[in-house]
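Encoded as structure tokens, the structure appears first; notes follow it.
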Amino acid sequence: MIEVTDRLSLAEEEIVLSFIRSGGPGGQNVNKVATAAQLRFDARHSPSLPPAVRNRLQKLAGGKLTRDGVIVITANRHRTQEENRKDAIGRLLALIQEAAVPPRPRIPTRPTRASKRRHLEHKKRHGDIKKMRRRPTNGD
């Protein structure tokens with residue numbers, strides 16, 4: 001079990017890791033050694049996640065989420081498989097930890113009397129400016 005928070009943990013079987021060749025510069029070695037880690041986690045069907053956390057996680061994942069609800073994280077910052085594996089798992093855990101925190105509910109507030117007065121004064125000034133742009137009429 002991988003502990004995400006004190007109340008939430010993931011089974012290691014839910015995370016699928018594979019290693020792919022890393023792009024970019026690296027000399028002759030880059031074409032021979034698969035050091036980049038690709039992590040896949042089925043967020044939509046995970047039994048470890050409560051429904052509220054699952055929904056927030058899918059929204060937070062953004063472009064990392066496939067149509068099937070699988071989060072795909074590719075880690076190729078480091079030169080070794082082990083470092084990239086740790087990096088990918090760490091990024092997934094950080095994403096889940098962020099989703100585990102429920103958003104604070106918005107408490108609606110009312111505008112103060114002073115802010116209402118300022119708002120009306122601004123509207124009056126703006127209206128007067130626009131009135132000055134008009135062509136004079138016989139009634140004015």
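Each chain in the structure tokens gets a letter, A, B, ..., in the order shown, and its residues are numbered from 1; ligands are numbered from 1 in order too.
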
Residue contacts of A:Ala75 (12 Å, only C-alpha atoms) excluding same-chain residues fewer than 5 positions away, as a list in words: Leu17, Ser18, Phe19, Ile20, Arg21, Ser22, Gly23, Ala34, Thr35, Ala36, Ala37, Gln38, Leu39, Arg40, Thr80, Gln81, Glu82, Glu83, Asn84, Arg85, Lys86, Asp87, Ala88, Ile89, Gly90, Arg91 and Leu92 of chain A

Please, which residues of chain A, numbered as in this document, come out strand (DSSP E) from DSSP, as a list in words? Ile2, Glu3, Ser9, Leu10, Ile15, Val16, Leu17, Ser18, Phe19, Ile20, Ala36, Ala37, Gln38, Leu39, Arg40, Phe41, Asp42, Val70, Ile71, Val72, Ile73, Thr74 and Ala75 of chain A

Any chance you could export the current selection's N, CA and C atoms as a tab-separated table (two decimals), in the first residue's frame?
chain	number	residue	atom	x	y	z
A	2	ILE	N	0.47	2.20	-0.82
A	2	ILE	CA	1.16	3.48	-0.89
A	2	ILE	C	0.29	4.50	-0.17
A	3	GLU	N	0.83	5.10	0.89
A	3	GLU	CA	0.05	6.04	1.68
A	3	GLU	C	0.07	7.41	1.03
A	9	SER	N	-5.04	5.68	1.03
A	9	SER	CA	-3.87	4.96	0.51
A	9	SER	C	-4.28	4.21	-0.74
A	10	LEU	N	-3.28	3.94	-1.59
A	10	LEU	CA	-3.49	3.25	-2.86
A	10	LEU	C	-2.85	1.88	-2.82
A	15	ILE	N	-1.32	0.97	-9.78
A	15	ILE	CA	-0.38	1.77	-10.56
A	15	ILE	C	0.37	0.85	-11.52
A	16	VAL	N	0.32	1.20	-12.80
A	16	VAL	CA	1.04	0.43	-13.82
A	16	VAL	C	2.20	1.28	-14.31
A	17	LEU	N	3.41	0.75	-14.14
A	17	LEU	CA	4.62	1.46	-14.58
A	17	LEU	C	5.25	0.75	-15.75
A	18	SER	N	5.63	1.51	-16.76
A	18	SER	CA	6.40	0.95	-17.87
A	18	SER	C	7.52	1.94	-18.18
A	19	PHE	N	8.55	1.45	-18.83
A	19	PHE	CA	9.70	2.31	-19.12
A	19	PHE	C	9.84	2.44	-20.63
A	20	ILE	N	10.02	3.69	-21.05
A	20	ILE	CA	10.13	4.00	-22.47
A	20	ILE	C	11.41	4.77	-22.71
A	36	ALA	N	12.95	6.58	-19.25
A	36	ALA	CA	11.78	7.39	-18.90
A	36	ALA	C	10.68	6.47	-18.36
A	37	ALA	N	10.04	6.90	-17.29
A	37	ALA	CA	8.97	6.10	-16.67
A	37	ALA	C	7.62	6.64	-17.11
A	38	GLN	N	6.74	5.73	-17.50
A	38	GLN	CA	5.37	6.11	-17.84
A	38	GLN	C	4.44	5.43	-16.85
A	39	LEU	N	3.76	6.24	-16.06
A	39	LEU	CA	2.87	5.73	-15.02
A	39	LEU	C	1.43	5.86	-15.51
A	40	ARG	N	0.65	4.81	-15.30
A	40	ARG	CA	-0.77	4.82	-15.65
A	40	ARG	C	-1.57	4.47	-14.40
A	41	PHE	N	-2.59	5.29	-14.12
A	41	PHE	CA	-3.44	5.08	-12.94
A	41	PHE	C	-4.89	5.28	-13.36
A	42	ASP	N	-5.70	4.24	-13.20
A	42	ASP	CA	-7.10	4.30	-13.59
A	42	ASP	C	-7.89	5.01	-12.49
A	70	VAL	N	-8.03	7.31	-17.36
A	70	VAL	CA	-6.71	6.87	-16.91
A	70	VAL	C	-5.77	8.07	-16.90
A	71	ILE	N	-5.08	8.27	-15.78
A	71	ILE	CA	-4.09	9.34	-15.68
A	71	ILE	C	-2.75	8.79	-16.14
A	72	VAL	N	-2.14	9.48	-17.10
A	72	VAL	CA	-0.84	9.06	-17.64
A	72	VAL	C	0.19	10.13	-17.30
A	73	ILE	N	1.21	9.74	-16.55
A	73	ILE	CA	2.29	10.66	-16.17
A	73	ILE	C	3.59	10.10	-16.72
A	74	THR	N	4.29	10.91	-17.50
A	74	THR	CA	5.58	10.50	-18.05
A	74	THR	C	6.67	11.30	-17.35
A	75	ALA	N	7.63	10.58	-16.77
A	75	ALA	CA	8.73	11.22	-16.04
A	75	ALA	C	10.04	10.90	-16.74

Identify, with DSSP run on backbone atoms, the residues in stretch 11-74 of chain A assigned to helix (DSSP H, G or I), and express the list as an NGL selection string. :A and (12-14 or 27-31 or 51-64)

If we count only C-alpha atoms and set the cut-off at 10 Å, which residues sit around A:Pro103, ignoring sequence neighbours fewer than 4 positions away in its own chain? Please answer as a ChimeraX atom specification. /A:56,98-99

Non-local contacts of A:Arg54 (12 Å; only C-alpha atoms; under 6 positions in same chain excluded) as a PyMOL selection string: chain A and resi 8+41-48+60-61+69-71+95-102
